[in-house]
file entry.pdb (PDB, C-alpha atoms, pLDDT in the B column)
MODEL        1
ATOM      1  CA  MET A   1     -20.679 -56.414-231.173  1.00 98.00           C
ATOM      2  CA  LEU A   2     -22.644 -59.503-230.122  1.00 98.00           C
ATOM      3  CA  LEU A   3     -24.741 -59.831-226.966  1.00 98.00           C
ATOM      4  CA  TYR A   4     -25.468 -63.293-225.596  1.00 98.00           C
ATOM      5  CA  ASP A   5     -28.855 -62.633-224.106  1.00 97.00           C
ATOM      6  CA  TYR A   6     -31.981 -64.076-222.554  1.00 96.00           C
ATOM      7  CA  PHE A   7     -35.047 -61.893-222.831  1.00 96.00           C
ATOM      8  CA  ARG A   8     -36.170 -62.214-219.196  1.00 94.00           C
ATOM      9  CA  SER A   9     -32.717 -62.140-217.620  1.00 96.00           C
ATOM     10  CA  SER A  10     -32.531 -59.045-215.419  1.00 96.00           C
ATOM     11  CA  ALA A  11     -28.789 -58.800-215.945  1.00 97.00           C
ATOM     12  CA  ALA A  12     -29.082 -58.987-219.729  1.00 98.00           C
ATOM     13  CA  TYR A  13     -31.992 -56.506-219.660  1.00 99.00           C
ATOM     14  CA  ARG A  14     -29.702 -53.994-217.884  1.00 99.00           C
ATOM     15  CA  VAL A  15     -27.124 -54.248-220.641  1.00 99.00           C
ATOM     16  CA  ARG A  16     -29.748 -53.935-223.390  1.00 99.00           C
ATOM     17  CA  ILE A  17     -30.905 -50.697-221.755  1.00 99.00           C
ATOM     18  CA  ALA A  18     -27.363 -49.329-221.555  1.00 99.00           C
ATOM     19  CA  LEU A  19     -26.642 -50.199-225.184  1.00 99.00           C
ATOM     20  CA  ALA A  20     -29.883 -48.542-226.279  1.00 99.00           C
ATOM     21  CA  LEU A  21     -29.232 -45.394-224.229  1.00 99.00           C
ATOM     22  CA  LYS A  22     -25.823 -45.081-225.870  1.00 99.00           C
ATOM     23  CA  GLY A  23     -27.125 -45.880-229.338  1.00 98.00           C
ATOM     24  CA  VAL A  24     -24.595 -48.670-229.822  1.00 98.00           C
ATOM     25  CA  ALA A  25     -25.432 -51.104-232.616  1.00 98.00           C
ATOM     26  CA  TYR A  26     -25.179 -54.777-231.711  1.00 98.00           C
ATOM     27  CA  ALA A  27     -26.464 -58.209-232.629  1.00 98.00           C
ATOM     28  CA  ARG A  28     -28.170 -60.574-230.201  1.00 97.00           C
ATOM     29  CA  ARG A  29     -27.966 -64.316-229.724  1.00 96.00           C
ATOM     30  CA  HIS A  30     -30.479 -66.037-227.473  1.00 95.00           C
ATOM     31  CA  VAL A  31     -29.175 -68.324-224.736  1.00 96.00           C
ATOM     32  CA  MET A  32     -32.238 -70.245-223.599  1.00 93.00           C
ATOM     33  CA  LEU A  33     -31.867 -70.524-219.845  1.00 89.00           C
ATOM     34  CA  LEU A  34     -34.851 -72.805-219.324  1.00 87.00           C
ATOM     35  CA  GLU A  35     -33.195 -75.268-221.719  1.00 91.00           C
ATOM     36  CA  ASP A  36     -29.867 -74.967-219.840  1.00 88.00           C
ATOM     37  CA  GLN A  37     -28.029 -73.651-222.890  1.00 91.00           C
ATOM     38  CA  GLN A  38     -25.993 -71.522-220.473  1.00 94.00           C
ATOM     39  CA  ARG A  39     -24.369 -74.739-219.220  1.00 88.00           C
ATOM     40  CA  SER A  40     -23.255 -75.874-222.669  1.00 95.00           C
ATOM     41  CA  PRO A  41     -19.497 -76.279-223.228  1.00 94.00           C
ATOM     42  CA  GLU A  42     -19.679 -73.559-225.871  1.00 92.00           C
ATOM     43  CA  HIS A  43     -21.188 -71.015-223.499  1.00 90.00           C
ATOM     44  CA  LEU A  44     -19.016 -72.030-220.538  1.00 94.00           C
ATOM     45  CA  ALA A  45     -15.968 -71.382-222.707  1.00 94.00           C
ATOM     46  CA  ARG A  46     -17.376 -67.913-223.251  1.00 94.00           C
ATOM     47  CA  ASN A  47     -18.423 -67.315-219.637  1.00 93.00           C
ATOM     48  CA  PRO A  48     -17.172 -69.852-217.067  1.00 95.00           C
ATOM     49  CA  GLN A  49     -19.974 -68.853-214.683  1.00 94.00           C
ATOM     50  CA  GLY A  50     -22.569 -70.017-217.183  1.00 94.00           C
ATOM     51  CA  PHE A  51     -24.482 -66.747-216.954  1.00 94.00           C
ATOM     52  CA  VAL A  52     -25.880 -64.165-219.324  1.00 96.00           C
ATOM     53  CA  PRO A  53     -25.148 -61.562-220.435  1.00 98.00           C
ATOM     54  CA  ALA A  54     -21.867 -61.977-222.234  1.00 98.00           C
ATOM     55  CA  LEU A  55     -20.794 -59.319-224.697  1.00 98.00           C
ATOM     56  CA  GLU A  56     -18.345 -59.993-227.505  1.00 98.00           C
ATOM     57  CA  ALA A  57     -16.711 -56.682-228.327  1.00 97.00           C
ATOM     58  CA  GLU A  58     -13.414 -55.671-229.879  1.00 95.00           C
ATOM     59  CA  GLY A  59     -11.923 -59.151-229.708  1.00 95.00           C
ATOM     60  CA  ARG A  60     -12.814 -59.878-226.096  1.00 96.00           C
ATOM     61  CA  VAL A  61     -15.736 -61.322-224.148  1.00 98.00           C
ATOM     62  CA  LEU A  62     -17.098 -59.199-221.319  1.00 98.00           C
ATOM     63  CA  THR A  63     -19.229 -60.636-218.518  1.00 98.00           C
ATOM     64  CA  GLN A  64     -21.151 -59.335-215.494  1.00 98.00           C
ATOM     65  CA  SER A  65     -23.669 -56.586-216.235  1.00 98.00           C
ATOM     66  CA  LEU A  66     -22.051 -53.938-214.028  1.00 98.00           C
ATOM     67  CA  ALA A  67     -18.627 -54.561-215.563  1.00 98.00           C
ATOM     68  CA  ILE A  68     -20.101 -54.467-219.072  1.00 99.00           C
ATOM     69  CA  ILE A  69     -21.884 -51.163-218.441  1.00 99.00           C
ATOM     70  CA  ASP A  70     -18.739 -49.703-216.886  1.00 98.00           C
ATOM     71  CA  TRP A  71     -16.797 -50.739-220.017  1.00 99.00           C
ATOM     72  CA  LEU A  72     -19.470 -49.228-222.259  1.00 98.00           C
ATOM     73  CA  ASP A  73     -19.274 -45.992-220.270  1.00 98.00           C
ATOM     74  CA  ALA A  74     -15.524 -45.821-220.830  1.00 98.00           C
ATOM     75  CA  ARG A  75     -15.716 -46.820-224.483  1.00 98.00           C
ATOM     76  CA  TYR A  76     -18.847 -44.811-225.388  1.00 98.00           C
ATOM     77  CA  PRO A  77     -18.963 -41.971-222.836  1.00 97.00           C
ATOM     78  CA  ASP A  78     -21.998 -40.134-224.227  1.00 96.00           C
ATOM     79  CA  PRO A  79     -24.277 -40.244-222.356  1.00 97.00           C
ATOM     80  CA  ARG A  80     -22.500 -41.111-219.137  1.00 98.00           C
ATOM     81  CA  LEU A  81     -24.339 -43.663-217.027  1.00 98.00           C
ATOM     82  CA  ILE A  82     -21.866 -43.722-214.113  1.00 98.00           C
ATOM     83  CA  PRO A  83     -21.111 -40.209-212.837  1.00 97.00           C
ATOM     84  CA  ALA A  84     -17.553 -38.934-213.004  1.00 96.00           C
ATOM     85  CA  ASP A  85     -17.862 -36.966-209.756  1.00 97.00           C
ATOM     86  CA  PRO A  86     -16.603 -39.236-206.933  1.00 98.00           C
ATOM     87  CA  ASP A  87     -19.503 -38.513-204.568  1.00 97.00           C
ATOM     88  CA  ALA A  88     -22.169 -38.937-207.232  1.00 97.00           C
ATOM     89  CA  ARG A  89     -20.412 -42.065-208.519  1.00 98.00           C
ATOM     90  CA  ALA A  90     -20.401 -43.649-205.066  1.00 98.00           C
ATOM     91  CA  GLU A  91     -24.088 -42.837-204.585  1.00 98.00           C
ATOM     92  CA  ALA A  92     -25.069 -44.249-207.978  1.00 98.00           C
ATOM     93  CA  LEU A  93     -23.083 -47.444-207.477  1.00 98.00           C
ATOM     94  CA  ALA A  94     -24.487 -47.920-203.968  1.00 98.00           C
ATOM     95  CA  GLN A  95     -28.029 -47.741-205.360  1.00 98.00           C
ATOM     96  CA  THR A  96     -27.046 -50.076-208.166  1.00 98.00           C
ATOM     97  CA  MET A  97     -25.577 -52.650-205.805  1.00 98.00           C
ATOM     98  CA  VAL A  98     -28.705 -52.787-203.639  1.00 98.00           C
ATOM     99  CA  ILE A  99     -30.277 -54.445-206.661  1.00 98.00           C
ATOM    100  CA  GLY A 100     -27.280 -56.144-208.235  1.00 98.00           C
ATOM    101  CA  ALA A 101     -25.744 -57.553-205.057  1.00 97.00           C
ATOM    102  CA  ASP A 102     -28.554 -57.740-202.505  1.00 96.00           C
ATOM    103  CA  ILE A 103     -31.899 -58.348-204.270  1.00 97.00           C
ATOM    104  CA  HIS A 104     -31.266 -60.072-207.576  1.00 95.00           C
ATOM    105  CA  PRO A 105     -28.838 -62.829-206.478  1.00 94.00           C
ATOM    106  CA  LEU A 106     -31.453 -64.197-204.065  1.00 94.00           C
ATOM    107  CA  ASN A 107     -34.140 -64.395-206.736  1.00 92.00           C
ATOM    108  CA  ASN A 108     -32.453 -65.628-209.893  1.00 89.00           C
ATOM    109  CA  LEU A 109     -33.157 -68.872-211.740  1.00 89.00           C
ATOM    110  CA  ARG A 110     -30.481 -71.026-210.126  1.00 90.00           C
ATOM    111  CA  VAL A 111     -31.629 -70.040-206.617  1.00 94.00           C
ATOM    112  CA  MET A 112     -35.265 -70.720-207.499  1.00 92.00           C
ATOM    113  CA  ARG A 113     -34.301 -74.138-208.827  1.00 92.00           C
ATOM    114  CA  TRP A 114     -32.347 -74.923-205.643  1.00 95.00           C
ATOM    115  CA  LEU A 115     -35.262 -73.855-203.442  1.00 95.00           C
ATOM    116  CA  LYS A 116     -37.530 -76.168-205.442  1.00 94.00           C
ATOM    117  CA  ASN A 117     -35.273 -79.191-205.887  1.00 95.00           C
ATOM    118  CA  GLU A 118     -33.174 -79.130-202.710  1.00 96.00           C
ATOM    119  CA  GLY A 119     -35.211 -76.969-200.373  1.00 95.00           C
ATOM    120  CA  GLY A 120     -38.566 -78.539-201.202  1.00 96.00           C
ATOM    121  CA  LEU A 121     -40.377 -75.202-201.513  1.00 94.00           C
ATOM    122  CA  ASP A 122     -43.503 -75.166-203.645  1.00 96.00           C
ATOM    123  CA  GLU A 123     -44.211 -72.338-206.080  1.00 94.00           C
ATOM    124  CA  ALA A 124     -46.212 -70.284-203.577  1.00 95.00           C
ATOM    125  CA  ARG A 125     -43.404 -70.374-201.021  1.00 95.00           C
ATOM    126  CA  ARG A 126     -40.777 -69.602-203.666  1.00 95.00           C
ATOM    127  CA  ASP A 127     -42.792 -66.593-204.794  1.00 94.00           C
ATOM    128  CA  ALA A 128     -43.123 -65.464-201.168  1.00 95.00           C
ATOM    129  CA  TRP A 129     -39.335 -65.755-200.809  1.00 94.00           C
ATOM    130  CA  THR A 130     -38.888 -63.559-203.883  1.00 96.00           C
ATOM    131  CA  ARG A 131     -41.347 -60.930-202.675  1.00 97.00           C
ATOM    132  CA  HIS A 132     -39.713 -60.820-199.235  1.00 97.00           C
ATOM    133  CA  TRP A 133     -36.238 -60.009-200.543  1.00 97.00           C
ATOM    134  CA  ILE A 134     -37.548 -57.539-203.105  1.00 98.00           C
ATOM    135  CA  ALA A 135     -39.440 -55.685-200.368  1.00 98.00           C
ATOM    136  CA  GLN A 136     -36.398 -55.549-198.098  1.00 98.00           C
ATOM    137  CA  GLY A 137     -34.148 -54.218-200.826  1.00 98.00           C
ATOM    138  CA  PHE A 138     -36.699 -51.772-202.200  1.00 99.00           C
ATOM    139  CA  ALA A 139     -37.319 -50.329-198.729  1.00 99.00           C
ATOM    140  CA  ALA A 140     -33.644 -49.412-198.485  1.00 98.00           C
ATOM    141  CA  LEU A 141     -33.508 -48.145-202.059  1.00 98.00           C
ATOM    142  CA  GLU A 142     -36.593 -45.965-201.539  1.00 98.00           C
ATOM    143  CA  ALA A 143     -34.839 -44.333-198.583  1.00 98.00           C
ATOM    144  CA  MET A 144     -31.698 -43.813-200.679  1.00 98.00           C
ATOM    145  CA  ALA A 145     -33.544 -42.300-203.650  1.00 98.00           C
ATOM    146  CA  GLY A 146     -33.243 -38.586-204.292  1.00 94.00           C
ATOM    147  CA  ASN A 147     -35.863 -36.236-205.692  1.00 94.00           C
ATOM    148  CA  GLY A 148     -34.886 -36.398-209.355  1.00 96.00           C
ATOM    149  CA  LEU A 149     -37.117 -37.603-212.149  1.00 98.00           C
ATOM    150  CA  TYR A 150     -35.045 -40.781-212.374  1.00 98.00           C
ATOM    151  CA  LEU A 151     -33.297 -42.844-209.748  1.00 97.00           C
ATOM    152  CA  GLY A 152     -30.081 -41.519-211.302  1.00 88.00           C
ATOM    153  CA  GLY A 153     -31.231 -37.911-210.889  1.00 95.00           C
ATOM    154  CA  ASP A 154     -32.308 -35.621-213.715  1.00 95.00           C
ATOM    155  CA  ALA A 155     -31.097 -38.058-216.379  1.00 97.00           C
ATOM    156  CA  PRO A 156     -31.255 -41.860-216.421  1.00 98.00           C
ATOM    157  CA  GLY A 157     -28.109 -43.557-215.172  1.00 98.00           C
ATOM    158  CA  ILE A 158     -26.779 -46.924-214.171  1.00 98.00           C
ATOM    159  CA  ALA A 159     -29.130 -47.174-211.192  1.00 98.00           C
ATOM    160  CA  ASP A 160     -32.078 -46.877-213.591  1.00 99.00           C
ATOM    161  CA  CYS A 161     -30.567 -49.580-215.809  1.00 99.00           C
ATOM    162  CA  PHE A 162     -30.780 -51.849-212.765  1.00 99.00           C
ATOM    163  CA  LEU A 163     -34.070 -50.564-211.326  1.00 99.00           C
ATOM    164  CA  VAL A 164     -36.285 -51.093-214.364  1.00 99.00           C
ATOM    165  CA  PRO A 165     -35.525 -54.827-214.789  1.00 98.00           C
ATOM    166  CA  GLN A 166     -35.990 -55.394-211.059  1.00 98.00           C
ATOM    167  CA  MET A 167     -39.349 -53.604-211.141  1.00 98.00           C
ATOM    168  CA  PHE A 168     -40.340 -55.837-214.061  1.00 98.00           C
ATOM    169  CA  ASN A 169     -39.480 -58.875-211.947  1.00 96.00           C
ATOM    170  CA  ALA A 170     -41.275 -57.471-208.915  1.00 97.00           C
ATOM    171  CA  ARG A 171     -44.477 -57.207-210.917  1.00 97.00           C
ATOM    172  CA  ARG A 172     -44.013 -60.703-212.355  1.00 94.00           C
ATOM    173  CA  PHE A 173     -43.981 -62.101-208.830  1.00 94.00           C
ATOM    174  CA  GLY A 174     -46.794 -59.896-207.530  1.00 96.00           C
ATOM    175  CA  ALA A 175     -44.627 -57.895-205.127  1.00 97.00           C
ATOM    176  CA  PRO A 176     -46.549 -54.958-203.602  1.00 97.00           C
ATOM    177  CA  LEU A 177     -45.047 -51.630-204.664  1.00 98.00           C
ATOM    178  CA  ASP A 178     -47.278 -49.056-202.932  1.00 98.00           C
ATOM    179  CA  ALA A 179     -44.653 -48.428-200.236  1.00 98.00           C
ATOM    180  CA  PHE A 180     -42.094 -47.329-202.826  1.00 99.00           C
ATOM    181  CA  PRO A 181     -43.514 -44.251-204.609  1.00 98.00           C
ATOM    182  CA  LYS A 182     -40.113 -42.851-205.620  1.00 98.00           C
ATOM    183  CA  LEU A 183     -39.116 -46.140-207.220  1.00 99.00           C
ATOM    184  CA  VAL A 184     -42.456 -46.471-208.999  1.00 99.00           C
ATOM    185  CA  ALA A 185     -42.164 -42.912-210.329  1.00 98.00           C
ATOM    186  CA  ALA A 186     -38.561 -43.386-211.462  1.00 98.00           C
ATOM    187  CA  ASP A 187     -39.489 -46.639-213.187  1.00 99.00           C
ATOM    188  CA  ALA A 188     -42.407 -44.988-214.993  1.00 99.00           C
ATOM    189  CA  ALA A 189     -40.240 -42.071-216.140  1.00 98.00           C
ATOM    190  CA  ALA A 190     -37.547 -44.396-217.443  1.00 99.00           C
ATOM    191  CA  CYS A 191     -39.965 -46.761-219.161  1.00 98.00           C
ATOM    192  CA  ALA A 192     -41.427 -43.811-221.083  1.00 98.00           C
ATOM    193  CA  LEU A 193     -38.072 -43.365-222.847  1.00 98.00           C
ATOM    194  CA  PRO A 194     -37.559 -45.137-226.201  1.00 98.00           C
ATOM    195  CA  ALA A 195     -34.301 -46.788-225.079  1.00 98.00           C
ATOM    196  CA  PHE A 196     -35.999 -48.520-222.164  1.00 98.00           C
ATOM    197  CA  ALA A 197     -38.983 -49.529-224.297  1.00 97.00           C
ATOM    198  CA  GLU A 198     -36.641 -50.969-226.939  1.00 97.00           C
ATOM    199  CA  ALA A 199     -34.926 -53.162-224.334  1.00 98.00           C
ATOM    200  CA  HIS A 200     -38.134 -54.499-222.740  1.00 98.00           C
ATOM    201  CA  PRO A 201     -38.424 -58.305-222.615  1.00 97.00           C
ATOM    202  CA  ASN A 202     -41.658 -58.240-224.605  1.00 96.00           C
ATOM    203  CA  ARG A 203     -39.819 -56.510-227.447  1.00 96.00           C
ATOM    204  CA  VAL A 204     -36.957 -58.994-227.634  1.00 96.00           C
ATOM    205  CA  ALA A 205     -38.565 -62.331-226.736  1.00 93.00           C
ATOM    206  CA  PRO A 206     -37.585 -65.154-229.126  1.00 88.00           C
TER     207      PRO A 206
ENDMDL
END
call {"tool": "encode", "arguments": {"input": "entry.pdb", "output": "structure tokens"}}
result
Amino acid sequence: MLLYDYFRSSAAYRVRIALALKGVAYARRHVMLLEDQQRSPEHLARNPQGFVPALEAEGRVLTQSLAIIDWLDARYPDPRLIPADPDARAEALAQTMVIGADIHPLNNLRVMRWLKNEGGLDEARRDAWTRHWIAQGFAALEAMAGNGLYLGGDAPGIADCFLVPQMFNARRFGAPLDAFPKLVAADAAACALPAFAEAHPNRVAP
């Protein structure tokens, strides 16, 4: 199994966490986003979107972090990251999509480059943009969070795989987090686990 990865990519970070939680052995290959390696013909043949992560597994290439984690859950079901119960599954995926569909797409590298090159925003205004959308999404996610140790409940789940990388990004951009005590607590609980520590960008940087 081979993961095409970038150490600070939130989406790749999610998949590293899931692989570590499941104890799945894999190799990593860096795709240097700041050097535009994701736009190379070789990588576009692998993933036509030009994104990371991409996971080569069992003769196929999987893309999109949510789809990859869903595949891992089906292929390696212990521990489950997406609940089997329909109600719990819907709740977990709703929390996950607040980050994956509503926060992260507005703050990723290609958007930041567009805001700089086409929108004319300087770094301070780009960082303010990032903090604004993180705060909006986190406010909703805080309200959706339960009372478990983790965002996923009593055990870490897919929502935690998405939360921890987004919290890492929030801190990188200086986003205030005091208004989100449940998210801060869930992040701290998850980050104390070896699987989350193993996947941290500082541990896998090239």
call {"tool": "closest_residue", "arguments": {"input": "entry.pdb", "among": "A:Val61, A:Val31, A:Cys161, A:Met1", "to": "Asn47 in chain A", "atoms": "only C-alpha atoms"}}
result
A:Val61
call {"tool": "resolve_selection", "arguments": {"input": "entry.pdb", "expression": "the PyMOL selection byres ((chain A and resi 199-201) around 8)", "output": "VMD selection string"}}
result
chain A and resid 7 to 8 13 16 to 17 20 195 to 198 202 to 205
call {"tool": "write_last_selection", "arguments": {"input": "entry.pdb", "atoms": "C-alpha atoms", "output": "PDB file, keeping the file's coordinate frame"}}
result
ATOM      1  CA  PHE A   7     -35.047 -61.893-222.831  1.00 96.00           C
ATOM      2  CA  ARG A   8     -36.170 -62.214-219.196  1.00 94.00           C
ATOM      3  CA  TYR A  13     -31.992 -56.506-219.660  1.00 99.00           C
ATOM      4  CA  ARG A  16     -29.748 -53.935-223.390  1.00 99.00           C
ATOM      5  CA  ILE A  17     -30.905 -50.697-221.755  1.00 99.00           C
ATOM      6  CA  ALA A  20     -29.883 -48.542-226.279  1.00 99.00           C
ATOM      7  CA  ALA A 195     -34.301 -46.788-225.079  1.00 98.00           C
ATOM      8  CA  PHE A 196     -35.999 -48.520-222.164  1.00 98.00           C
ATOM      9  CA  ALA A 197     -38.983 -49.529-224.297  1.00 97.00           C
ATOM     10  CA  GLU A 198     -36.641 -50.969-226.939  1.00 97.00           C
ATOM     11  CA  ASN A 202     -41.658 -58.240-224.605  1.00 96.00           C
ATOM     12  CA  ARG A 203     -39.819 -56.510-227.447  1.00 96.00           C
ATOM     13  CA  VAL A 204     -36.957 -58.994-227.634  1.00 96.00           C
ATOM     14  CA  ALA A 205     -38.565 -62.331-226.736  1.00 93.00           C
TER      15      ALA A 205
END
call {"tool": "resolve_selection", "arguments": {"input": "entry.pdb", "expression": "the PyMOL selection byres ((chain A and resi 182) around 8)", "output": "ChimeraX atom specification"}}
result
/A:142,145,147,151,180-181,183-186
call {"tool": "closest_residue", "arguments": {"input": "entry.pdb", "among": "A:Ala124, A:Ala190, A:Leu109, A:Leu81", "to": "Asp36 in chain A", "atoms": "only C-alpha atoms"}}
result
A:Leu109
call {"tool": "residues_around", "arguments": {"input": "entry.pdb", "residues": "Tyr4 in chain A", "least_positions_apart": "2", "cutoff": "10 Å", "atoms": "all atoms listed in the file", "output": "list in words"}}
result
Leu2, Tyr6, Ala12, Ala27, Arg28, Arg29, His30, Val31, Met32, Gln38, His43, Arg46, Phe51, Val52, Pro53, Ala54, Leu55, Glu56 and Thr63 of chain A
call {"tool": "resolve_selection", "arguments": {"input": "entry.pdb", "expression": "the PyMOL selection byres ((chain A and resi 153) around 12)", "output": "tab-separated table (two decimals) with C-alpha atoms, in the coordinates of the input"}}
result
chain	number	residue	atom	x	y	z
A	81	LEU	CA	-24.34	-43.66	-217.03
A	82	ILE	CA	-21.87	-43.72	-214.11
A	83	PRO	CA	-21.11	-40.21	-212.84
A	88	ALA	CA	-22.17	-38.94	-207.23
A	89	ARG	CA	-20.41	-42.06	-208.52
A	91	GLU	CA	-24.09	-42.84	-204.58
A	92	ALA	CA	-25.07	-44.25	-207.98
A	95	GLN	CA	-28.03	-47.74	-205.36
A	144	MET	CA	-31.70	-43.81	-200.68
A	145	ALA	CA	-33.54	-42.30	-203.65
A	146	GLY	CA	-33.24	-38.59	-204.29
A	147	ASN	CA	-35.86	-36.24	-205.69
A	148	GLY	CA	-34.89	-36.40	-209.36
A	149	LEU	CA	-37.12	-37.60	-212.15
A	150	TYR	CA	-35.04	-40.78	-212.37
A	151	LEU	CA	-33.30	-42.84	-209.75
A	152	GLY	CA	-30.08	-41.52	-211.30
A	154	ASP	CA	-32.31	-35.62	-213.72
A	155	ALA	CA	-31.10	-38.06	-216.38
A	156	PRO	CA	-31.26	-41.86	-216.42
A	157	GLY	CA	-28.11	-43.56	-215.17
A	158	ILE	CA	-26.78	-46.92	-214.17
A	159	ALA	CA	-29.13	-47.17	-211.19
A	160	ASP	CA	-32.08	-46.88	-213.59
A	182	LYS	CA	-40.11	-42.85	-205.62
A	183	LEU	CA	-39.12	-46.14	-207.22
A	186	ALA	CA	-38.56	-43.39	-211.46
A	189	ALA	CA	-40.24	-42.07	-216.14
A	190	ALA	CA	-37.55	-44.40	-217.44
call {"tool": "axis_aligned_box", "arguments": {"input": "entry.pdb", "around": "range 180-189 of chain A", "padding_each_side": "3 Å", "output": "AutoDock Vina command-line options"}}
result
--center_x -41.0 --center_y -44.7 --center_z -209.5 --size_x 11.0 --size_y 11.3 --size_z 19.3
call {"tool": "closest_residue", "arguments": {"input": "entry.pdb", "among": "A:Leu33, A:Ala57, A:Leu141, A:Leu177", "to": "Asp102 in chain A", "atoms": "all atoms listed in the file"}}
result
A:Leu141
call {"tool": "atom_distance", "arguments": {"input": "entry.pdb", "atom1": "CA of Pro79 in chain A", "atom2": "CA of Leu21 in chain A"}}
result
7.4 Å
call {"tool": "atom_distance", "arguments": {"input": "entry.pdb", "atom1": "CA of Ile99 in chain A", "atom2": "CA of Ser65 in chain A"}}
result
11.8 Å
call {"tool": "closest_residue", "arguments": {"input": "entry.pdb", "among": "A:Asp5, A:Asp70, A:Asp127, A:Glu35", "to": "Leu106 in chain A", "atoms": "only C-alpha atoms"}}
result
A:Asp127
call {"tool": "build_atoms", "arguments": {"input": "entry.pdb", "residues": "range 152-165 of chain A", "atoms": "N, CA and C atoms", "output": "mmCIF file, in the frame of the given file"}}
result
data_model
loop_
_atom_site.group_PDB
_atom_site.id
_atom_site.type_symbol
_atom_site.label_atom_id
_atom_site.label_comp_id
_atom_site.auth_asym_id
_atom_site.auth_seq_id
_atom_site.Cartn_x
_atom_site.Cartn_y
_atom_site.Cartn_z
ATOM 1 N N GLY A 152 -31.397 -42.107 -211.082
ATOM 2 C CA GLY A 152 -30.081 -41.519 -211.302
ATOM 3 C C GLY A 152 -30.052 -40.008 -211.235
ATOM 4 N N GLY A 153 -31.187 -39.368 -210.973
ATOM 5 C CA GLY A 153 -31.231 -37.911 -210.889
ATOM 6 C C GLY A 153 -32.069 -37.330 -212.010
ATOM 7 N N ASP A 154 -31.556 -36.288 -212.656
ATOM 8 C CA ASP A 154 -32.308 -35.621 -213.715
ATOM 9 C C ASP A 154 -32.169 -36.314 -215.066
ATOM 10 N N ALA A 155 -31.268 -37.258 -215.161
ATOM 11 C CA ALA A 155 -31.097 -38.058 -216.379
ATOM 12 C C ALA A 155 -30.946 -39.519 -215.962
ATOM 13 N N PRO A 156 -31.383 -40.450 -216.798
ATOM 14 C CA PRO A 156 -31.255 -41.860 -216.421
ATOM 15 C C PRO A 156 -29.791 -42.272 -216.348
ATOM 16 N N GLY A 157 -29.479 -43.091 -215.357
ATOM 17 C CA GLY A 157 -28.109 -43.557 -215.172
ATOM 18 C C GLY A 157 -28.074 -45.042 -214.886
ATOM 19 N N ILE A 158 -26.953 -45.491 -214.390
ATOM 20 C CA ILE A 158 -26.779 -46.924 -214.171
ATOM 21 C C ILE A 158 -27.793 -47.472 -213.174
ATOM 22 N N ALA A 159 -28.151 -46.684 -212.163
ATOM 23 C CA ALA A 159 -29.130 -47.174 -211.192
ATOM 24 C C ALA A 159 -30.470 -47.454 -211.862
ATOM 25 N N ASP A 160 -30.833 -46.644 -212.857
ATOM 26 C CA ASP A 160 -32.078 -46.877 -213.591
ATOM 27 C C ASP A 160 -31.977 -48.112 -214.478
ATOM 28 N N CYS A 161 -30.778 -48.360 -215.020
ATOM 29 C CA CYS A 161 -30.567 -49.580 -215.809
ATOM 30 C C CYS A 161 -30.800 -50.828 -214.964
ATOM 31 N N PHE A 162 -30.557 -50.730 -213.677
ATOM 32 C CA PHE A 162 -30.780 -51.849 -212.765
ATOM 33 C C PHE A 162 -32.202 -51.841 -212.209
ATOM 34 N N LEU A 163 -32.746 -50.649 -211.936
ATOM 35 C CA LEU A 163 -34.070 -50.564 -211.326
ATOM 36 C C LEU A 163 -35.152 -51.132 -212.230
ATOM 37 N N VAL A 164 -35.175 -50.727 -213.483
ATOM 38 C CA VAL A 164 -36.285 -51.093 -214.364
ATOM 39 C C VAL A 164 -36.426 -52.612 -214.510
ATOM 40 N N PRO A 165 -35.357 -53.370 -214.748
ATOM 41 C CA PRO A 165 -35.525 -54.827 -214.789
ATOM 42 C C PRO A 165 -36.001 -55.422 -213.464
#
